[in-house]
$ cat model.tsv   # TSV, N, CA and C atoms and all ligand atoms
chain	number	residue	atom	x	y	z
A	267	MET	N	1.58	-118.12	-10.85
A	267	MET	CA	2.75	-117.26	-10.79
A	267	MET	C	3.27	-117.19	-9.36
A	268	PRO	N	4.58	-117.32	-9.16
A	268	PRO	CA	5.11	-117.23	-7.79
A	268	PRO	C	4.77	-115.88	-7.15
A	269	ARG	N	4.51	-115.94	-5.85
A	269	ARG	CA	4.10	-114.74	-5.11
A	269	ARG	C	5.12	-113.61	-5.23
A	270	LYS	N	6.41	-113.93	-5.19
A	270	LYS	CA	7.44	-112.87	-5.21
A	270	LYS	C	7.37	-112.06	-6.50
A	271	LEU	N	6.95	-112.70	-7.61
A	271	LEU	CA	6.84	-111.97	-8.87
A	271	LEU	C	5.64	-111.02	-8.82
A	272	CYS	N	4.53	-111.50	-8.26
A	272	CYS	CA	3.34	-110.65	-8.12
A	272	CYS	C	3.64	-109.45	-7.23
A	273	VAL	N	4.36	-109.68	-6.15
A	273	VAL	CA	4.65	-108.60	-5.20
A	273	VAL	C	5.49	-107.52	-5.87
A	274	SER	N	6.49	-107.91	-6.65
A	274	SER	CA	7.34	-106.92	-7.34
A	274	SER	C	6.52	-106.06	-8.28
A	275	PHE	N	5.68	-106.70	-9.07
A	275	PHE	CA	4.89	-105.96	-10.05
A	275	PHE	C	3.88	-105.05	-9.34
A	276	THR	N	3.28	-105.55	-8.27
A	276	THR	CA	2.32	-104.74	-7.52
A	276	THR	C	3.00	-103.52	-6.92
A	277	LYS	N	4.21	-103.69	-6.41
A	277	LYS	CA	4.95	-102.54	-5.87
A	277	LYS	C	5.19	-101.49	-6.94
A	278	LEU	N	5.52	-101.95	-8.14
A	278	LEU	CA	5.74	-101.00	-9.23
A	278	LEU	C	4.45	-100.25	-9.55
A	279	ARG	N	3.35	-100.97	-9.62
A	279	ARG	CA	2.07	-100.34	-9.97
A	279	ARG	C	1.59	-99.37	-8.88
A	280	LEU	N	1.92	-99.67	-7.64
A	280	LEU	CA	1.47	-98.83	-6.52
A	280	LEU	C	2.49	-97.77	-6.14
A	281	THR	N	3.55	-97.65	-6.93
A	281	THR	CA	4.68	-96.74	-6.66
A	281	THR	C	5.25	-96.96	-5.27
A	282	SER	N	5.24	-98.19	-4.83
A	282	SER	CA	5.85	-98.56	-3.55
A	282	SER	C	7.19	-99.23	-3.87
A	283	HIS	N	8.10	-98.44	-4.41
A	283	HIS	CA	9.38	-98.98	-4.87
A	283	HIS	C	10.51	-97.99	-4.56
A	284	GLN	N	11.71	-98.33	-4.96
A	284	GLN	CA	12.88	-97.52	-4.63
A	284	GLN	C	13.39	-96.69	-5.80
A	285	LEU	N	12.61	-96.56	-6.87
A	285	LEU	CA	13.04	-95.72	-7.98
A	285	LEU	C	13.11	-94.27	-7.49
A	286	ARG	N	14.03	-93.50	-8.05
A	286	ARG	CA	14.27	-92.14	-7.53
A	286	ARG	C	13.07	-91.22	-7.67
A	287	VAL	N	12.18	-91.51	-8.61
A	287	VAL	CA	10.99	-90.66	-8.73
A	287	VAL	C	10.19	-90.68	-7.44
A	288	GLU	N	10.28	-91.77	-6.67
A	288	GLU	CA	9.61	-91.86	-5.38
A	288	GLU	C	10.54	-91.49	-4.23
A	289	THR	N	11.74	-92.04	-4.20
A	289	THR	CA	12.63	-91.79	-3.05
A	289	THR	C	13.03	-90.32	-2.98
A	290	GLY	N	12.99	-89.62	-4.11
A	290	GLY	CA	13.28	-88.19	-4.12
A	290	GLY	C	12.25	-87.36	-3.38
A	291	ARG	N	11.11	-87.96	-3.05
A	291	ARG	CA	10.07	-87.26	-2.28
A	291	ARG	C	10.39	-87.24	-0.80
A	292	TYR	N	11.22	-88.18	-0.35
A	292	TYR	CA	11.47	-88.33	1.08
A	292	TYR	C	12.25	-87.12	1.60
A	293	ALA	N	11.89	-86.70	2.78
A	293	ALA	CA	12.49	-85.50	3.36
A	293	ALA	C	14.01	-85.59	3.46
A	294	SER	N	14.51	-86.75	3.84
A	294	SER	CA	15.95	-86.88	4.03
A	294	SER	C	16.71	-86.90	2.71
A	295	ASN	N	15.99	-87.15	1.62
A	295	ASN	CA	16.64	-87.31	0.32
A	295	ASN	C	15.94	-86.44	-0.72
A	296	ARG	N	15.32	-85.37	-0.26
A	296	ARG	CA	14.43	-84.56	-1.11
A	296	ARG	C	15.19	-83.98	-2.30
A	297	THR	N	14.63	-84.27	-3.49
A	297	THR	CA	15.21	-83.79	-4.75
A	297	THR	C	14.05	-83.27	-5.59
A	298	PRO	N	14.22	-82.10	-6.24
A	298	PRO	CA	13.14	-81.63	-7.11
A	298	PRO	C	12.77	-82.70	-8.13
A	299	HIS	N	11.50	-82.80	-8.45
A	299	HIS	CA	11.01	-83.87	-9.33
A	299	HIS	C	11.81	-83.97	-10.62
A	300	ASN	N	12.09	-82.83	-11.23
A	300	ASN	CA	12.77	-82.85	-12.53
A	300	ASN	C	14.27	-83.14	-12.42
A	301	GLU	N	14.77	-83.38	-11.21
A	301	GLU	CA	16.18	-83.71	-11.02
A	301	GLU	C	16.37	-85.13	-10.48
A	302	ARG	N	15.33	-85.91	-10.49
A	302	ARG	CA	15.42	-87.28	-9.96
A	302	ARG	C	15.92	-88.22	-11.05
A	303	TYR	N	17.14	-87.91	-11.52
A	303	TYR	CA	17.74	-88.65	-12.62
A	303	TYR	C	18.04	-90.10	-12.22
A	304	CYS	N	18.14	-90.93	-13.25
A	304	CYS	CA	18.53	-92.32	-13.02
A	304	CYS	C	20.02	-92.38	-12.75
A	305	LEU	N	20.39	-92.81	-11.56
A	305	LEU	CA	21.80	-92.93	-11.20
A	305	LEU	C	22.34	-94.30	-11.59
A	306	ILE	N	21.45	-95.17	-12.02
A	306	ILE	CA	21.86	-96.52	-12.39
A	306	ILE	C	22.56	-96.49	-13.75
A	307	CYS	N	22.04	-95.69	-14.68
A	307	CYS	CA	22.66	-95.61	-16.02
A	307	CYS	C	23.29	-94.24	-16.25
A	308	ASN	N	23.27	-93.38	-15.23
A	308	ASN	CA	23.87	-92.05	-15.32
A	308	ASN	C	23.35	-91.24	-16.50
A	309	SER	N	22.08	-91.36	-16.77
A	309	SER	CA	21.48	-90.57	-17.85
A	309	SER	C	20.81	-89.34	-17.24
A	310	ILE	N	20.28	-88.49	-18.09
A	310	ILE	CA	19.53	-87.35	-17.58
A	310	ILE	C	18.03	-87.63	-17.66
A	311	ASP	N	17.68	-88.91	-17.75
A	311	ASP	CA	16.27	-89.31	-17.69
A	311	ASP	C	15.84	-89.42	-16.23
A	312	LEU	N	14.60	-89.08	-15.95
A	312	LEU	CA	14.05	-89.33	-14.63
A	312	LEU	C	13.99	-90.83	-14.42
A	313	GLU	N	14.33	-91.27	-13.22
A	313	GLU	CA	14.20	-92.70	-12.95
A	313	GLU	C	12.76	-92.94	-12.49
A	314	ASP	N	11.88	-93.09	-13.45
A	314	ASP	CA	10.48	-93.40	-13.15
A	314	ASP	C	10.14	-94.77	-13.74
A	315	GLU	N	8.88	-95.15	-13.62
A	315	GLU	CA	8.47	-96.48	-14.06
A	315	GLU	C	8.69	-96.67	-15.57
A	316	TYR	N	8.44	-95.62	-16.33
A	316	TYR	CA	8.63	-95.67	-17.78
A	316	TYR	C	10.10	-95.94	-18.13
A	317	HIS	N	10.98	-95.18	-17.51
A	317	HIS	CA	12.42	-95.37	-17.74
A	317	HIS	C	12.85	-96.77	-17.31
A	318	PHE	N	12.38	-97.18	-16.15
A	318	PHE	CA	12.74	-98.48	-15.59
A	318	PHE	C	12.31	-99.63	-16.51
A	319	LEU	N	11.10	-99.53	-17.04
A	319	LEU	CA	10.59	-100.64	-17.86
A	319	LEU	C	11.12	-100.63	-19.29
A	320	LEU	N	11.20	-99.46	-19.90
A	320	LEU	CA	11.42	-99.42	-21.34
A	320	LEU	C	12.71	-98.76	-21.80
A	321	ILE	N	13.40	-98.01	-20.95
A	321	ILE	CA	14.51	-97.20	-21.42
A	321	ILE	C	15.87	-97.59	-20.82
A	322	CYS	N	15.96	-97.72	-19.52
A	322	CYS	CA	17.25	-97.82	-18.83
A	322	CYS	C	18.12	-98.92	-19.43
A	323	ASN	N	19.32	-98.53	-19.82
A	323	ASN	CA	20.19	-99.51	-20.49
A	323	ASN	C	20.81	-100.53	-19.53
A	324	MET	N	20.63	-100.32	-18.23
A	324	MET	CA	21.14	-101.29	-17.26
A	324	MET	C	20.37	-102.61	-17.34
A	325	TYR	N	19.15	-102.55	-17.84
A	325	TYR	CA	18.29	-103.74	-17.85
A	325	TYR	C	18.04	-104.27	-19.26
A	326	THR	N	18.85	-103.85	-20.22
A	326	THR	CA	18.61	-104.24	-21.62
A	326	THR	C	18.56	-105.75	-21.79
A	327	ASP	N	19.47	-106.45	-21.15
A	327	ASP	CA	19.51	-107.91	-21.29
A	327	ASP	C	18.23	-108.55	-20.75
A	328	ILE	N	17.77	-108.08	-19.62
A	328	ILE	CA	16.54	-108.63	-19.03
A	328	ILE	C	15.34	-108.26	-19.90
A	329	ARG	N	15.34	-107.00	-20.38
A	329	ARG	CA	14.22	-106.51	-21.21
A	329	ARG	C	14.08	-107.36	-22.47
A	330	ARG	N	15.22	-107.65	-23.13
A	330	ARG	CA	15.17	-108.46	-24.36
A	330	ARG	C	14.60	-109.83	-24.10
A	331	LYS	N	14.81	-110.34	-22.92
A	331	LYS	CA	14.35	-111.69	-22.59
A	331	LYS	C	12.85	-111.73	-22.28
A	332	TYR	N	12.32	-110.65	-21.65
A	332	TYR	CA	10.96	-110.74	-21.13
A	332	TYR	C	9.93	-109.79	-21.74
A	333	ILE	N	10.41	-108.78	-22.48
A	333	ILE	CA	9.45	-107.82	-23.02
A	333	ILE	C	9.56	-107.80	-24.54
A	334	ASN	N	8.42	-107.84	-25.21
A	334	ASN	CA	8.39	-107.80	-26.67
A	334	ASN	C	9.00	-106.49	-27.15
A	335	LYS	N	9.84	-106.57	-28.19
A	335	LYS	CA	10.54	-105.37	-28.66
A	335	LYS	C	9.60	-104.30	-29.19
A	336	TYR	N	8.38	-104.68	-29.50
A	336	TYR	CA	7.38	-103.69	-29.91
A	336	TYR	C	7.29	-102.57	-28.87
A	337	TYR	N	7.42	-102.92	-27.60
A	337	TYR	CA	7.25	-101.93	-26.53
A	337	TYR	C	8.48	-101.05	-26.33
A	338	TYR	N	9.68	-101.61	-26.48
A	338	TYR	CA	10.88	-100.82	-26.14
A	338	TYR	C	11.62	-100.28	-27.35
A	339	GLU	N	11.30	-100.74	-28.55
A	339	GLU	CA	11.87	-100.09	-29.73
A	339	GLU	C	10.90	-98.96	-30.08
A	340	ASN	N	11.40	-97.78	-30.21
A	340	ASN	CA	10.55	-96.59	-30.36
A	340	ASN	C	9.49	-96.54	-29.25
A	341	PRO	N	9.95	-96.53	-28.02
A	341	PRO	CA	9.00	-96.54	-26.89
A	341	PRO	C	8.19	-95.25	-26.81
A	342	SER	N	7.04	-95.36	-26.21
A	342	SER	CA	6.18	-94.20	-25.98
A	342	SER	C	5.37	-94.45	-24.72
A	343	VAL	N	4.80	-93.39	-24.21
A	343	VAL	CA	3.97	-93.52	-23.02
A	343	VAL	C	2.75	-94.39	-23.33
A	344	LEU	N	2.24	-94.28	-24.55
A	344	LEU	CA	1.08	-95.10	-24.92
A	344	LEU	C	1.42	-96.59	-24.89
A	345	LYS	N	2.62	-96.93	-25.41
A	345	LYS	CA	3.04	-98.34	-25.37
A	345	LYS	C	3.27	-98.79	-23.93
A	346	PHE	N	3.81	-97.89	-23.11
A	346	PHE	CA	4.02	-98.20	-21.69
A	346	PHE	C	2.69	-98.54	-21.03
A	347	ILE	N	1.70	-97.70	-21.26
A	347	ILE	CA	0.37	-97.93	-20.66
A	347	ILE	C	-0.22	-99.23	-21.19
A	348	GLU	N	-0.07	-99.44	-22.48
A	348	GLU	CA	-0.57	-100.68	-23.09
A	348	GLU	C	0.06	-101.90	-22.42
A	349	LEU	N	1.37	-101.81	-22.17
A	349	LEU	CA	2.09	-102.93	-21.56
A	349	LEU	C	1.62	-103.18	-20.12
A	350	VAL	N	1.59	-102.16	-19.30
A	350	VAL	CA	1.26	-102.39	-17.88
A	350	VAL	C	-0.23	-102.69	-17.67
A	351	GLN	N	-1.05	-102.39	-18.67
A	351	GLN	CA	-2.48	-102.70	-18.55
A	351	GLN	C	-2.87	-103.94	-19.36
A	352	SER	N	-1.88	-104.65	-19.87
A	352	SER	CA	-2.16	-105.82	-20.70
A	352	SER	C	-3.01	-106.85	-19.93
A	353	LYS	N	-3.88	-107.49	-20.66
A	353	LYS	CA	-4.70	-108.56	-20.08
A	353	LYS	C	-4.20	-109.94	-20.53
A	354	ASP	N	-3.17	-109.92	-21.37
A	354	ASP	CA	-2.58	-111.15	-21.90
A	354	ASP	C	-1.73	-111.81	-20.80
A	355	ALA	N	-2.07	-113.04	-20.45
A	355	ALA	CA	-1.41	-113.72	-19.33
A	355	ALA	C	0.09	-113.89	-19.58
A	356	THR	N	0.48	-114.19	-20.79
A	356	THR	CA	1.90	-114.39	-21.09
A	356	THR	C	2.66	-113.07	-20.97
A	357	VAL	N	2.10	-112.01	-21.52
A	357	VAL	CA	2.73	-110.69	-21.44
A	357	VAL	C	2.88	-110.28	-19.98
A	358	LEU	N	1.83	-110.46	-19.19
A	358	LEU	CA	1.88	-110.08	-17.78
A	358	LEU	C	2.87	-110.94	-16.98
A	359	ASN	N	2.86	-112.21	-17.27
A	359	ASN	CA	3.78	-113.12	-16.58
A	359	ASN	C	5.23	-112.70	-16.85
A	360	ASN	N	5.52	-112.43	-18.11
A	360	ASN	CA	6.88	-112.02	-18.47
A	360	ASN	C	7.21	-110.64	-17.91
A	361	LEU	N	6.23	-109.77	-17.86
A	361	LEU	CA	6.46	-108.44	-17.29
A	361	LEU	C	6.78	-108.55	-15.80
A	362	CYS	N	6.07	-109.42	-15.10
A	362	CYS	CA	6.35	-109.63	-13.68
A	362	CYS	C	7.77	-110.17	-13.48
A	363	LYS	N	8.18	-111.08	-14.36
A	363	LYS	CA	9.55	-111.61	-14.26
A	363	LYS	C	10.56	-110.50	-14.51
A	364	TYR	N	10.28	-109.65	-15.51
A	364	TYR	CA	11.17	-108.52	-15.80
A	364	TYR	C	11.31	-107.63	-14.56
A	365	VAL	N	10.18	-107.24	-14.00
A	365	VAL	CA	10.20	-106.31	-12.86
A	365	VAL	C	10.98	-106.92	-11.70
A	366	TYR	N	10.72	-108.17	-11.42
A	366	TYR	CA	11.41	-108.83	-10.31
A	366	TYR	C	12.93	-108.85	-10.54
A	367	LYS	N	13.32	-109.31	-11.73
A	367	LYS	CA	14.76	-109.43	-12.03
A	367	LYS	C	15.44	-108.07	-12.15
A	368	ALA	N	14.74	-107.09	-12.72
A	368	ALA	CA	15.34	-105.75	-12.84
A	368	ALA	C	15.49	-105.09	-11.46
A	369	PHE	N	14.50	-105.25	-10.58
A	369	PHE	CA	14.63	-104.71	-9.22
A	369	PHE	C	15.79	-105.40	-8.50
A	370	GLU	N	15.91	-106.71	-8.71
A	370	GLU	CA	16.99	-107.46	-8.09
A	370	GLU	C	18.35	-106.93	-8.57
A	371	LYS	N	18.46	-106.70	-9.88
A	371	LYS	CA	19.71	-106.19	-10.44
A	371	LYS	C	19.98	-104.78	-9.91
A	372	ARG	N	18.92	-103.97	-9.81
A	372	ARG	CA	19.07	-102.60	-9.32
A	372	ARG	C	19.62	-102.61	-7.89
A	373	VAL	N	19.09	-103.47	-7.05
A	373	VAL	CA	19.56	-103.54	-5.66
A	373	VAL	C	21.05	-103.89	-5.64
A	374	ASN	N	21.46	-104.83	-6.48
A	374	ASN	CA	22.88	-105.20	-6.53
A	374	ASN	C	23.75	-104.05	-7.00
A	375	VAL	N	23.30	-103.31	-8.01
A	375	VAL	CA	24.07	-102.17	-8.52
A	375	VAL	C	24.16	-101.09	-7.45
A	376	VAL	N	23.05	-100.79	-6.79
A	376	VAL	CA	23.05	-99.75	-5.75
A	376	VAL	C	23.97	-100.16	-4.60
A	377	ASN	N	23.95	-101.44	-4.23
A	377	ASN	CA	24.81	-101.90	-3.14
A	377	ASN	C	26.28	-101.79	-3.50
A	378	VAL	N	26.64	-102.06	-4.77
A	378	VAL	CA	28.03	-101.95	-5.20
A	378	VAL	C	28.47	-100.48	-5.17
A	379	VAL	N	27.58	-99.59	-5.65
A	379	VAL	CA	27.90	-98.16	-5.69
A	379	VAL	C	28.09	-97.62	-4.28
A	380	ASN	N	27.28	-98.11	-3.31
A	380	ASN	CA	27.35	-97.60	-1.94
A	380	ASN	C	28.46	-98.22	-1.10
A	381	MET	N	29.21	-99.17	-1.65
A	381	MET	CA	30.28	-99.82	-0.87
A	381	MET	C	31.47	-98.91	-0.68
A	401	ZN	ZN	18.56	-95.63	-16.12
$ encode --input "model.tsv" --output "structure tokens"
Amino acid sequence: MPRKLCVSFTKLRLTSHQLRVETGRYASNRTPHNERYCLICNSIDLEDEYHFLLICNMYTDIRRKYINKYYYENPSVLKFIELVQSKDATVLNNLCKYVYKAFEKRVNVVNVVNM
């Protein structure tokens, strides 16, 4: 697997990412935890790892390509945990591709919004 895909997935697992659930902790951008909504899809969902992987409609096209619909149709925290802890090489490989491409898309959307 290319290193850049591993790095993206590792950042997600270590919460070393730019999702609002984390950036809302920063002093300069401090937001109460329950108000760290996803600004990418303008929903009232928290922008956390669960939302990013299985819910956010901004990444639906990427999700359909790389994640089995079992996980995102009727999603649950249990399915989320099952997915991120998978030992199946194909599932993990595709999950890493999803995370990389979704983070890439997120950066582009955030850059357009901030212009
Ligand atoms: Zn969203």
$ closest_atom_pairs --input "model.tsv" --of "chain A" --to "ligand ZN 401 (chain A)" --cutoff "6.5 Å" --atoms "all atoms listed in the file" --output "JSON lines"
{"residue": "A:Cys304", "atom": "CA", "partner": "A:ZN401", "partner_atom": "ZN", "distance": 4.5}
{"residue": "A:Leu305", "atom": "N", "partner": "A:ZN401", "partner_atom": "ZN", "distance": 5.7}
{"residue": "A:Ile306", "atom": "C", "partner": "A:ZN401", "partner_atom": "ZN", "distance": 4.7}
{"residue": "A:Cys307", "atom": "N", "partner": "A:ZN401", "partner_atom": "ZN", "distance": 3.8}
{"residue": "A:Asn308", "atom": "N", "partner": "A:ZN401", "partner_atom": "ZN", "distance": 5.3}
{"residue": "A:Ser309", "atom": "N", "partner": "A:ZN401", "partner_atom": "ZN", "distance": 5.6}
{"residue": "A:Glu313", "atom": "CA", "partner": "A:ZN401", "partner_atom": "ZN", "distance": 6.1}
{"residue": "A:His317", "atom": "C", "partner": "A:ZN401", "partner_atom": "ZN", "distance": 5.9}
{"residue": "A:Phe318", "atom": "N", "partner": "A:ZN401", "partner_atom": "ZN", "distance": 6.4}
{"residue": "A:Ile321", "atom": "C", "partner": "A:ZN401", "partner_atom": "ZN", "distance": 5.8}
{"residue": "A:Cys322", "atom": "CA", "partner": "A:ZN401", "partner_atom": "ZN", "distance": 3.7}
{"residue": "A:Asn323", "atom": "N", "partner": "A:ZN401", "partner_atom": "ZN", "distance": 4.8}
{"residue": "A:Met324", "atom": "N", "partner": "A:ZN401", "partner_atom": "ZN", "distance": 5.5}
$ atom_distance --input "model.tsv" --atom1 "CA of Leu312 in chain A" --atom2 "CA of Asn359 in chain A"
26.0 Å
$ closest_residue --input "model.tsv" --among "A:Ile310, A:Cys362, A:Ile333, A:Val350" --to "Met267 in chain A" --atoms "only C-alpha atoms"
A:Cys362
$ residues_near_point --input "model.tsv" --point "(6.8, -110.0, -13.8)" --cutoff "8 Å" --atoms "all atoms listed in the file" --output "PyMOL selection string"
chain A and resi 270-272+274-276+357-367
$ atom_distance --input "model.tsv" --atom1 "atom N of Asn340 in chain A" --atom2 "CA of Ile328 in chain A"
16.4 Å
$ atom_distance --input "model.tsv" --atom1 "atom C of Glu339 in chain A" --atom2 "CA of Thr356 in chain A"
20.0 Å
$ select_by_dssp --input "model.tsv" --residues "chain A" --states "alpha helix (DSSP H)" --output "short mmCIF file (atom, residue, chain, number, x, y, z; two decimals) with N, CA and C atoms, in the coordinates of the input"
data_model
loop_
_atom_site.label_atom_id
_atom_site.label_comp_id
_atom_site.auth_asym_id
_atom_site.auth_seq_id
_atom_site.Cartn_x
_atom_site.Cartn_y
_atom_site.Cartn_z
N ARG A 269 4.51 -115.94 -5.85
CA ARG A 269 4.10 -114.74 -5.11
C ARG A 269 5.12 -113.61 -5.23
N LYS A 270 6.41 -113.93 -5.19
CA LYS A 270 7.44 -112.87 -5.21
C LYS A 270 7.37 -112.06 -6.50
N LEU A 271 6.95 -112.70 -7.61
CA LEU A 271 6.84 -111.97 -8.87
C LEU A 271 5.64 -111.02 -8.82
N CYS A 272 4.53 -111.50 -8.26
CA CYS A 272 3.34 -110.65 -8.12
C CYS A 272 3.64 -109.45 -7.23
N VAL A 273 4.36 -109.68 -6.15
CA VAL A 273 4.65 -108.60 -5.20
C VAL A 273 5.49 -107.52 -5.87
N SER A 274 6.49 -107.91 -6.65
CA SER A 274 7.34 -106.92 -7.34
C SER A 274 6.52 -106.06 -8.28
N PHE A 275 5.68 -106.70 -9.07
CA PHE A 275 4.89 -105.96 -10.05
C PHE A 275 3.88 -105.05 -9.34
N THR A 276 3.28 -105.55 -8.27
CA THR A 276 2.32 -104.74 -7.52
C THR A 276 3.00 -103.52 -6.92
N LYS A 277 4.21 -103.69 -6.41
CA LYS A 277 4.95 -102.54 -5.87
C LYS A 277 5.19 -101.49 -6.94
N LEU A 278 5.52 -101.95 -8.14
CA LEU A 278 5.74 -101.00 -9.23
C LEU A 278 4.45 -100.25 -9.55
N ARG A 279 3.35 -100.97 -9.62
CA ARG A 279 2.07 -100.34 -9.97
C ARG A 279 1.59 -99.37 -8.88
N ARG A 286 14.03 -93.50 -8.05
CA ARG A 286 14.27 -92.14 -7.53
C ARG A 286 13.07 -91.22 -7.67
N VAL A 287 12.18 -91.51 -8.61
CA VAL A 287 10.99 -90.66 -8.73
C VAL A 287 10.19 -90.68 -7.44
N GLU A 288 10.28 -91.77 -6.67
CA GLU A 288 9.61 -91.86 -5.38
C GLU A 288 10.54 -91.49 -4.23
N THR A 289 11.74 -92.04 -4.20
CA THR A 289 12.63 -91.79 -3.05
C THR A 289 13.03 -90.32 -2.98
N GLU A 315 8.88 -95.15 -13.62
CA GLU A 315 8.47 -96.48 -14.06
C GLU A 315 8.69 -96.67 -15.57
N TYR A 316 8.44 -95.62 -16.33
CA TYR A 316 8.63 -95.67 -17.78
C TYR A 316 10.10 -95.94 -18.13
N THR A 326 18.85 -103.85 -20.22
CA THR A 326 18.61 -104.24 -21.62
C THR A 326 18.56 -105.75 -21.79
N ASP A 327 19.47 -106.45 -21.15
CA ASP A 327 19.51 -107.91 -21.29
C ASP A 327 18.23 -108.55 -20.75
N ILE A 328 17.77 -108.08 -19.62
CA ILE A 328 16.54 -108.63 -19.03
C ILE A 328 15.34 -108.26 -19.90
N ARG A 329 15.34 -107.00 -20.38
CA ARG A 329 14.22 -106.51 -21.21
C ARG A 329 14.08 -107.36 -22.47
N ARG A 330 15.22 -107.65 -23.13
CA ARG A 330 15.17 -108.46 -24.36
C ARG A 330 14.60 -109.83 -24.10
N LYS A 331 14.81 -110.34 -22.92
CA LYS A 331 14.35 -111.69 -22.59
C LYS A 331 12.85 -111.73 -22.28
N TYR A 332 12.32 -110.65 -21.65
CA TYR A 332 10.96 -110.74 -21.13
C TYR A 332 9.93 -109.79 -21.74
N LYS A 335 9.84 -106.57 -28.19
CA LYS A 335 10.54 -105.37 -28.66
C LYS A 335 9.60 -104.30 -29.19
N TYR A 336 8.38 -104.68 -29.50
CA TYR A 336 7.38 -103.69 -29.91
C TYR A 336 7.29 -102.57 -28.87
N TYR A 337 7.42 -102.92 -27.60
CA TYR A 337 7.25 -101.93 -26.53
C TYR A 337 8.48 -101.05 -26.33
N TYR A 338 9.68 -101.61 -26.48
CA TYR A 338 10.88 -100.82 -26.14
C TYR A 338 11.62 -100.28 -27.35
N VAL A 343 4.80 -93.39 -24.21
CA VAL A 343 3.97 -93.52 -23.02
C VAL A 343 2.75 -94.39 -23.33
N LEU A 344 2.24 -94.28 -24.55
CA LEU A 344 1.08 -95.10 -24.92
C LEU A 344 1.42 -96.59 -24.89
N LYS A 345 2.62 -96.93 -25.41
CA LYS A 345 3.04 -98.34 -25.37
C LYS A 345 3.27 -98.79 -23.93
N PHE A 346 3.81 -97.89 -23.11
CA PHE A 346 4.02 -98.20 -21.69
C PHE A 346 2.69 -98.54 -21.03
N ILE A 347 1.70 -97.70 -21.26
CA ILE A 347 0.37 -97.93 -20.66
C ILE A 347 -0.22 -99.23 -21.19
N GLU A 348 -0.07 -99.44 -22.48
CA GLU A 348 -0.57 -100.68 -23.09
C GLU A 348 0.06 -101.90 -22.42
N LEU A 349 1.37 -101.81 -22.17
CA LEU A 349 2.09 -102.93 -21.56
C LEU A 349 1.62 -103.18 -20.12
N VAL A 350 1.59 -102.16 -19.30
CA VAL A 350 1.26 -102.39 -17.88
C VAL A 350 -0.23 -102.69 -17.67
N ALA A 355 -2.07 -113.04 -20.45
CA ALA A 355 -1.41 -113.72 -19.33
C ALA A 355 0.09 -113.89 -19.58
N THR A 356 0.48 -114.19 -20.79
CA THR A 356 1.90 -114.39 -21.09
C THR A 356 2.66 -113.07 -20.97
N VAL A 357 2.10 -112.01 -21.52
CA VAL A 357 2.73 -110.69 -21.44
C VAL A 357 2.88 -110.28 -19.98
N LEU A 358 1.83 -110.46 -19.19
CA LEU A 358 1.88 -110.08 -17.78
C LEU A 358 2.87 -110.94 -16.98
N ASN A 359 2.86 -112.21 -17.27
CA ASN A 359 3.78 -113.12 -16.58
C ASN A 359 5.23 -112.70 -16.85
N ASN A 360 5.52 -112.43 -18.11
CA ASN A 360 6.88 -112.02 -18.47
C ASN A 360 7.21 -110.64 -17.91
N LEU A 361 6.23 -109.77 -17.86
CA LEU A 361 6.46 -108.44 -17.29
C LEU A 361 6.78 -108.55 -15.80
N CYS A 362 6.07 -109.42 -15.10
CA CYS A 362 6.35 -109.63 -13.68
C CYS A 362 7.77 -110.17 -13.48
N LYS A 363 8.18 -111.08 -14.36
CA LYS A 363 9.55 -111.61 -14.26
C LYS A 363 10.56 -110.50 -14.51
N TYR A 364 10.28 -109.65 -15.51
CA TYR A 364 11.17 -108.52 -15.80
C TYR A 364 11.31 -107.63 -14.56
N VAL A 365 10.18 -107.24 -14.00
CA VAL A 365 10.20 -106.31 -12.86
C VAL A 365 10.98 -106.92 -11.70
N TYR A 366 10.72 -108.17 -11.42
CA TYR A 366 11.41 -108.83 -10.31
C TYR A 366 12.93 -108.85 -10.54
N LYS A 367 13.32 -109.31 -11.73
CA LYS A 367 14.76 -109.43 -12.03
C LYS A 367 15.44 -108.07 -12.15
N ALA A 368 14.74 -107.09 -12.72
CA ALA A 368 15.34 -105.75 -12.84
C ALA A 368 15.49 -105.09 -11.46
N PHE A 369 14.50 -105.25 -10.58
CA PHE A 369 14.63 -104.71 -9.22
C PHE A 369 15.79 -105.40 -8.50
N GLU A 370 15.91 -106.71 -8.71
CA GLU A 370 16.99 -107.46 -8.09
C GLU A 370 18.35 -106.93 -8.57
N LYS A 371 18.46 -106.70 -9.88
CA LYS A 371 19.71 -106.19 -10.44
C LYS A 371 19.98 -104.78 -9.91
N ARG A 372 18.92 -103.97 -9.81
CA ARG A 372 19.07 -102.60 -9.32
C ARG A 372 19.62 -102.61 -7.89
N VAL A 373 19.09 -103.47 -7.05
CA VAL A 373 19.56 -103.54 -5.66
C VAL A 373 21.05 -103.89 -5.64
N ASN A 374 21.46 -104.83 -6.48
CA ASN A 374 22.88 -105.20 -6.53
C ASN A 374 23.75 -104.05 -7.00
N VAL A 375 23.30 -103.31 -8.01
CA VAL A 375 24.07 -102.17 -8.52
C VAL A 375 24.16 -101.09 -7.45
N VAL A 376 23.05 -100.79 -6.79
CA VAL A 376 23.05 -99.75 -5.75
C VAL A 376 23.97 -100.16 -4.60
N ASN A 377 23.95 -101.44 -4.23
CA ASN A 377 24.81 -101.90 -3.14
C ASN A 377 26.28 -101.79 -3.50
N VAL A 378 26.64 -102.06 -4.77
CA VAL A 378 28.03 -101.95 -5.20
C VAL A 378 28.47 -100.48 -5.17
N VAL A 379 27.58 -99.59 -5.65
CA VAL A 379 27.90 -98.16 -5.69
C VAL A 379 28.09 -97.62 -4.28
#
$ closest_residue --input "model.tsv" --among "A:Tyr338, A:Phe369, A:Tyr303, A:Phe346" --to "Val287 in chain A" --atoms "all atoms listed in the file"
A:Tyr303
$ axis_aligned_box --input "model.tsv" --around "range 336-339 of chain A" --padding-each-side "4 Å" --output "AutoDock Vina command-line options"
--center_x 9.6 --center_y -101.8 --center_z -28.1 --size_x 12.6 --size_y 13.7 --size_z 11.9
